[in-house]
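J.: Please see the structure below; I have some questions.
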Amino acid sequence: MRRRPAAGWLRWPVGLVVWSAFGFAWWLVIHRHAQVDSRVLVGLAAVPILVLVVTLLWIRRNQRIYRAKGPRRQVSVTTGPPLADRLGRQPVIGSVTGRASEVVLRVTKDGRKTYEPTGVEP
């Protein structure tokens, strides 16, 4: 069973606070009789609708891919550890990492990448 990130539950409350602050800021602008014409208000209303439409289209796309391919049956198979990343850094992989259920990637001050196990299965 995979664990969810600890901060995952914060997504909705933080989003609600941020969007509420955004709406309140525009409410202040409109109620202080600023130079806001109907084009600005229509554009402001169109942004969340556009975000919603793009999100729904993306979900629909992912569902079509799922129907075409089916559920994942295994973890992707790799040919072995990489010799270098895209920036040319050499990875340092410990021997116990192969049995780890989770691995943490750290980049040291000297630029080396290290893979450290966080959950080793027996």
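Within each chain, counting starts at residue 1; across the structure tokens, chains are named A, B, ... in the order shown, with ligands numbered 1 upward in that order.
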Could you give me, as a VMD selection string, the residues within 10 Å of range 42-44 of chain A, counting only C-alpha atoms and dropping anything in the same chain fewer than 4 positions from it?
T.: chain A and resid 23 26 37 to 38 48 to 49
J.: Quick one: distance from CA of Ala34 in chain A to CA of Phe22 in chain A in Å, one decimal?
T.: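 Rounded to one decimal, the two atoms are 16.3 Å apart.
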J.: Residues of chain A classed as alpha helix (DSSP H) by DSSP on the backbone are to be reported as an MDAnalysis selection string.
T.: chainID A and resid 11:31 38:69
J.: For the residues in that selection, give me N, CA and C atoms as a compact mmCIF listing (two decimals), in the first residue's frame.
T.:
```txt
# COMPACT_ATOMS: atom_id res chain seq x y z
N ARG A 11 -3.97 20.62 0.33
CA ARG A 11 -4.25 21.17 -0.99
C ARG A 11 -5.58 21.94 -1.04
N TRP A 12 -6.66 21.34 -0.54
CA TRP A 12 -7.98 21.98 -0.61
C TRP A 12 -8.08 23.21 0.29
N PRO A 13 -7.68 23.14 1.57
CA PRO A 13 -7.80 24.35 2.40
C PRO A 13 -6.94 25.51 1.89
N VAL A 14 -5.73 25.21 1.44
CA VAL A 14 -4.86 26.28 0.94
C VAL A 14 -5.45 26.87 -0.33
N GLY A 15 -5.94 26.01 -1.22
CA GLY A 15 -6.56 26.51 -2.44
C GLY A 15 -7.77 27.38 -2.16
N LEU A 16 -8.58 26.95 -1.20
CA LEU A 16 -9.76 27.73 -0.82
C LEU A 16 -9.36 29.11 -0.28
N VAL A 17 -8.35 29.15 0.57
CA VAL A 17 -7.89 30.43 1.13
C VAL A 17 -7.34 31.33 0.04
N VAL A 18 -6.54 30.78 -0.86
CA VAL A 18 -5.93 31.59 -1.92
C VAL A 18 -7.00 32.15 -2.85
N TRP A 19 -7.92 31.30 -3.30
CA TRP A 19 -8.97 31.79 -4.20
C TRP A 19 -9.90 32.76 -3.48
N SER A 20 -10.14 32.57 -2.20
CA SER A 20 -10.97 33.51 -1.44
C SER A 20 -10.28 34.87 -1.35
N ALA A 21 -8.99 34.87 -1.11
CA ALA A 21 -8.24 36.13 -1.05
C ALA A 21 -8.26 36.83 -2.41
N PHE A 22 -8.14 36.05 -3.48
CA PHE A 22 -8.18 36.60 -4.84
C PHE A 22 -9.55 37.25 -5.09
N GLY A 23 -10.61 36.54 -4.75
CA GLY A 23 -11.95 37.08 -4.93
C GLY A 23 -12.20 38.32 -4.08
N PHE A 24 -11.71 38.30 -2.85
CA PHE A 24 -11.87 39.44 -1.96
C PHE A 24 -11.13 40.65 -2.50
N ALA A 25 -9.94 40.45 -3.07
CA ALA A 25 -9.17 41.56 -3.63
C ALA A 25 -9.94 42.21 -4.78
N TRP A 26 -10.54 41.40 -5.64
CA TRP A 26 -11.32 41.96 -6.73
C TRP A 26 -12.61 42.60 -6.22
N TRP A 27 -13.20 42.07 -5.19
CA TRP A 27 -14.38 42.69 -4.60
C TRP A 27 -14.04 44.10 -4.11
N LEU A 28 -12.86 44.22 -3.46
CA LEU A 28 -12.41 45.55 -3.00
C LEU A 28 -12.23 46.50 -4.18
N VAL A 29 -11.62 46.03 -5.25
CA VAL A 29 -11.39 46.88 -6.42
C VAL A 29 -12.71 47.37 -6.99
N ILE A 30 -13.68 46.46 -7.12
CA ILE A 30 -14.96 46.83 -7.72
C ILE A 30 -15.74 47.77 -6.82
N HIS A 31 -15.74 47.53 -5.53
CA HIS A 31 -16.53 48.34 -4.61
C HIS A 31 -15.89 49.69 -4.29
N SER A 38 -16.69 46.46 -18.03
CA SER A 38 -17.27 45.12 -18.17
C SER A 38 -16.32 44.13 -18.83
N ARG A 39 -15.41 44.60 -19.71
CA ARG A 39 -14.46 43.69 -20.35
C ARG A 39 -13.54 43.02 -19.32
N VAL A 40 -13.11 43.79 -18.32
CA VAL A 40 -12.25 43.23 -17.28
C VAL A 40 -13.02 42.20 -16.46
N LEU A 41 -14.25 42.51 -16.13
CA LEU A 41 -15.06 41.59 -15.33
C LEU A 41 -15.36 40.30 -16.10
N VAL A 42 -15.65 40.43 -17.40
CA VAL A 42 -15.89 39.23 -18.22
C VAL A 42 -14.62 38.40 -18.31
N GLY A 43 -13.49 39.05 -18.51
CA GLY A 43 -12.21 38.33 -18.55
C GLY A 43 -11.90 37.65 -17.23
N LEU A 44 -12.21 38.34 -16.15
CA LEU A 44 -11.98 37.77 -14.82
C LEU A 44 -12.88 36.56 -14.57
N ALA A 45 -14.10 36.60 -15.05
CA ALA A 45 -15.01 35.47 -14.89
C ALA A 45 -14.62 34.33 -15.84
N ALA A 46 -14.02 34.66 -16.97
CA ALA A 46 -13.66 33.63 -17.96
C ALA A 46 -12.49 32.77 -17.50
N VAL A 47 -11.61 33.32 -16.68
CA VAL A 47 -10.42 32.56 -16.27
C VAL A 47 -10.77 31.29 -15.52
N PRO A 48 -11.58 31.32 -14.46
CA PRO A 48 -11.90 30.05 -13.78
C PRO A 48 -12.67 29.08 -14.67
N ILE A 49 -13.50 29.62 -15.57
CA ILE A 49 -14.22 28.73 -16.49
C ILE A 49 -13.24 28.05 -17.43
N LEU A 50 -12.27 28.80 -17.93
CA LEU A 50 -11.26 28.23 -18.81
C LEU A 50 -10.44 27.16 -18.08
N VAL A 51 -10.06 27.44 -16.84
CA VAL A 51 -9.31 26.46 -16.05
C VAL A 51 -10.13 25.19 -15.86
N LEU A 52 -11.41 25.34 -15.56
CA LEU A 52 -12.28 24.19 -15.38
C LEU A 52 -12.41 23.37 -16.67
N VAL A 53 -12.58 24.05 -17.80
CA VAL A 53 -12.72 23.35 -19.09
C VAL A 53 -11.44 22.59 -19.42
N VAL A 54 -10.29 23.23 -19.25
CA VAL A 54 -9.01 22.56 -19.54
C VAL A 54 -8.83 21.36 -18.62
N THR A 55 -9.17 21.50 -17.35
CA THR A 55 -9.04 20.38 -16.41
C THR A 55 -9.95 19.22 -16.81
N LEU A 56 -11.20 19.52 -17.16
CA LEU A 56 -12.13 18.46 -17.56
C LEU A 56 -11.67 17.78 -18.85
N LEU A 57 -11.13 18.55 -19.80
CA LEU A 57 -10.60 17.94 -21.03
C LEU A 57 -9.41 17.04 -20.72
N TRP A 58 -8.56 17.46 -19.80
CA TRP A 58 -7.39 16.65 -19.42
C TRP A 58 -7.84 15.34 -18.76
N ILE A 59 -8.84 15.42 -17.90
CA ILE A 59 -9.38 14.22 -17.26
C ILE A 59 -9.95 13.28 -18.30
N ARG A 60 -10.70 13.83 -19.25
CA ARG A 60 -11.28 13.01 -20.31
C ARG A 60 -10.19 12.33 -21.14
N ARG A 61 -9.12 13.06 -21.44
CA ARG A 61 -7.99 12.49 -22.17
C ARG A 61 -7.38 11.32 -21.41
N ASN A 62 -7.16 11.51 -20.11
CA ASN A 62 -6.58 10.44 -19.29
C ASN A 62 -7.50 9.23 -19.22
N GLN A 63 -8.80 9.46 -19.17
CA GLN A 63 -9.74 8.34 -19.16
C GLN A 63 -9.71 7.56 -20.47
N ARG A 64 -9.57 8.27 -21.60
CA ARG A 64 -9.46 7.59 -22.89
C ARG A 64 -8.18 6.74 -22.95
N ILE A 65 -7.09 7.28 -22.43
CA ILE A 65 -5.84 6.52 -22.40
C ILE A 65 -6.01 5.28 -21.53
N TYR A 66 -6.67 5.42 -20.39
CA TYR A 66 -6.89 4.28 -19.50
C TYR A 66 -7.75 3.21 -20.18
N ARG A 67 -8.81 3.64 -20.87
CA ARG A 67 -9.67 2.67 -21.56
C ARG A 67 -8.90 1.95 -22.67
N ALA A 68 -8.00 2.67 -23.35
CA ALA A 68 -7.24 2.06 -24.43
C ALA A 68 -6.17 1.11 -23.92
N LYS A 69 -5.47 1.50 -22.86
CA LYS A 69 -4.35 0.70 -22.35
C LYS A 69 -4.73 -0.22 -21.21
```
J.: When you draw a straight line from CA of Val103 in chain A to CA of Gly88 in chain A, how long is it in Å?
T.: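 Between CA of Val103 in chain A and CA of Gly88 in chain A the gap works out to 20.6 Å.
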J.: Please measure the separation of CA of Asp85 in chain A and CA of Thr108 in chain A, giving the value in Å to one decimal.
T.: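 CA of Thr108 in chain A lies 14.4 Å from CA of Asp85 in chain A.
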J.: So which bits of chain A end up strand (DSSP E) when you DSSP the backbone, as a VMD selection string?
T.: chain A and resid 91 to 93 100 to 107 113 to 120
J.: What would the file look like if the residues just selected were written as a CSV table (one decimal), in the first residue's frame with all heavy atoms?
T.:
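File result00.csv, as written:
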```
chain,number,residue,atom,x,y,z
A,91,PRO,N,25.2,9.3,-10.5
A,91,PRO,CA,24.5,8.9,-9.3
A,91,PRO,C,25.3,8.0,-8.4
A,91,PRO,O,26.1,7.2,-8.9
A,91,PRO,CB,23.3,8.2,-9.9
A,91,PRO,CG,23.8,7.7,-11.2
A,91,PRO,CD,24.8,8.7,-11.7
A,92,VAL,N,25.0,8.1,-7.1
A,92,VAL,CA,25.7,7.2,-6.1
A,92,VAL,C,24.5,6.4,-5.5
A,92,VAL,O,23.7,6.8,-4.8
A,92,VAL,CB,26.4,8.0,-5.0
A,92,VAL,CG1,27.0,7.1,-4.0
A,92,VAL,CG2,27.4,8.9,-5.6
A,93,ILE,N,24.5,5.1,-5.9
A,93,ILE,CA,23.4,4.2,-5.5
A,93,ILE,C,24.0,3.2,-4.5
A,93,ILE,O,24.9,2.4,-4.8
A,93,ILE,CB,22.8,3.5,-6.7
A,93,ILE,CG1,22.3,4.5,-7.7
A,93,ILE,CG2,21.7,2.5,-6.3
A,93,ILE,CD1,21.8,4.0,-9.0
A,100,ALA,N,14.7,-1.5,-1.3
A,100,ALA,CA,13.9,-0.4,-0.7
A,100,ALA,C,12.6,-0.2,-1.4
A,100,ALA,O,12.5,-0.3,-2.6
A,100,ALA,CB,14.7,0.9,-0.7
A,101,SER,N,11.5,0.0,-0.6
A,101,SER,CA,10.2,0.2,-1.2
A,101,SER,C,10.1,1.7,-1.6
A,101,SER,O,9.3,2.0,-2.5
A,101,SER,CB,9.1,-0.1,-0.2
A,101,SER,OG,9.3,0.6,1.0
A,102,GLU,N,10.9,2.6,-1.0
A,102,GLU,CA,10.9,4.0,-1.3
A,102,GLU,C,12.4,4.4,-1.3
A,102,GLU,O,13.1,4.0,-0.4
A,102,GLU,CB,10.1,4.8,-0.4
A,102,GLU,CG,8.6,4.5,-0.5
A,102,GLU,CD,7.8,5.5,0.4
A,102,GLU,OE1,8.2,6.6,0.7
A,102,GLU,OE2,6.7,5.0,0.8
A,103,VAL,N,12.7,5.4,-2.2
A,103,VAL,CA,14.1,5.9,-2.2
A,103,VAL,C,14.0,7.4,-2.2
A,103,VAL,O,13.2,8.0,-2.9
A,103,VAL,CB,14.8,5.4,-3.5
A,103,VAL,CG1,16.2,6.0,-3.6
A,103,VAL,CG2,14.8,3.9,-3.5
A,104,VAL,N,14.8,8.1,-1.5
A,104,VAL,CA,14.9,9.5,-1.4
A,104,VAL,C,16.1,9.9,-2.2
A,104,VAL,O,17.2,9.4,-2.0
A,104,VAL,CB,15.0,10.0,0.0
A,104,VAL,CG1,15.3,11.5,0.0
A,104,VAL,CG2,13.8,9.7,0.8
A,105,LEU,N,15.9,10.9,-3.1
A,105,LEU,CA,17.0,11.4,-4.0
A,105,LEU,C,17.5,12.7,-3.3
A,105,LEU,O,16.8,13.6,-3.0
A,105,LEU,CB,16.5,11.7,-5.4
A,105,LEU,CG,17.5,12.4,-6.3
A,105,LEU,CD1,18.7,11.5,-6.6
A,105,LEU,CD2,16.8,12.8,-7.5
A,106,ARG,N,18.8,12.7,-3.1
A,106,ARG,CA,19.4,13.9,-2.5
A,106,ARG,C,20.6,14.4,-3.4
A,106,ARG,O,21.3,13.5,-3.9
A,106,ARG,CB,20.0,13.7,-1.1
A,106,ARG,CG,18.9,13.3,-0.1
A,106,ARG,CD,19.5,13.3,1.3
A,106,ARG,NE,18.6,12.6,2.3
A,106,ARG,CZ,17.5,13.0,2.7
A,106,ARG,NH1,17.1,14.2,2.4
A,106,ARG,NH2,16.8,12.3,3.6
A,107,VAL,N,20.7,15.7,-3.5
A,107,VAL,CA,21.9,16.2,-4.2
A,107,VAL,C,22.8,16.9,-3.2
A,107,VAL,O,22.3,17.8,-2.5
A,107,VAL,CB,21.4,17.2,-5.3
A,107,VAL,CG1,22.6,17.8,-6.1
A,107,VAL,CG2,20.5,16.6,-6.3
A,113,LYS,N,24.6,13.1,-6.7
A,113,LYS,CA,23.3,12.6,-6.4
A,113,LYS,C,23.4,11.3,-5.6
A,113,LYS,O,24.1,10.4,-6.0
A,113,LYS,CB,22.5,12.3,-7.7
A,113,LYS,CG,21.9,13.5,-8.4
A,113,LYS,CD,21.3,12.9,-9.7
A,113,LYS,CE,20.0,13.6,-9.9
A,113,LYS,NZ,19.4,13.2,-11.2
A,114,THR,N,22.7,11.3,-4.5
A,114,THR,CA,22.7,10.0,-3.7
A,114,THR,C,21.2,9.5,-3.6
A,114,THR,O,20.3,10.3,-3.5
A,114,THR,CB,23.3,10.2,-2.3
A,114,THR,OG1,22.5,11.2,-1.6
A,114,THR,CG2,24.7,10.7,-2.4
A,115,TYR,N,21.1,8.2,-3.7
A,115,TYR,CA,19.8,7.6,-3.5
A,115,TYR,C,19.8,6.8,-2.2
A,115,TYR,O,20.6,5.9,-2.0
A,115,TYR,CB,19.6,6.6,-4.7
A,115,TYR,CG,19.5,7.2,-6.0
A,115,TYR,CD1,20.6,7.5,-6.7
A,115,TYR,CD2,18.2,7.6,-6.5
A,115,TYR,CE1,20.5,8.2,-8.0
A,115,TYR,CE2,18.1,8.2,-7.8
A,115,TYR,CZ,19.3,8.5,-8.5
A,115,TYR,OH,19.2,9.1,-9.7
A,116,GLU,N,19.0,7.3,-1.3
A,116,GLU,CA,19.0,6.7,0.1
A,116,GLU,C,17.6,6.0,0.3
A,116,GLU,O,16.6,6.5,0.0
A,116,GLU,CB,19.1,7.8,1.1
A,116,GLU,CG,20.4,8.6,1.0
A,116,GLU,CD,20.5,9.8,1.8
A,116,GLU,OE1,19.5,10.0,2.6
A,116,GLU,OE2,21.5,10.5,1.8
A,117,PRO,N,17.7,4.7,0.8
A,117,PRO,CA,16.4,4.0,1.1
A,117,PRO,C,15.7,4.6,2.3
A,117,PRO,O,16.3,5.0,3.2
A,117,PRO,CB,16.9,2.6,1.3
A,117,PRO,CG,18.3,2.8,1.8
A,117,PRO,CD,18.9,4.0,1.1
A,118,THR,N,14.4,4.6,2.2
A,118,THR,CA,13.6,5.0,3.3
A,118,THR,C,12.7,3.9,3.9
A,118,THR,O,12.4,3.9,5.1
A,118,THR,CB,12.6,6.2,3.0
A,118,THR,OG1,11.8,5.8,1.9
A,118,THR,CG2,13.4,7.4,2.5
A,119,GLY,N,12.4,2.9,3.1
A,119,GLY,CA,11.7,1.8,3.6
A,119,GLY,C,12.2,0.5,3.0
A,119,GLY,O,12.0,0.2,1.8
A,120,VAL,N,13.0,-0.3,3.7
A,120,VAL,CA,13.6,-1.5,3.2
A,120,VAL,C,12.7,-2.6,3.6
A,120,VAL,O,12.3,-2.8,4.7
A,120,VAL,CB,15.0,-1.7,3.8
A,120,VAL,CG1,15.6,-3.0,3.3
A,120,VAL,CG2,15.9,-0.5,3.5
```
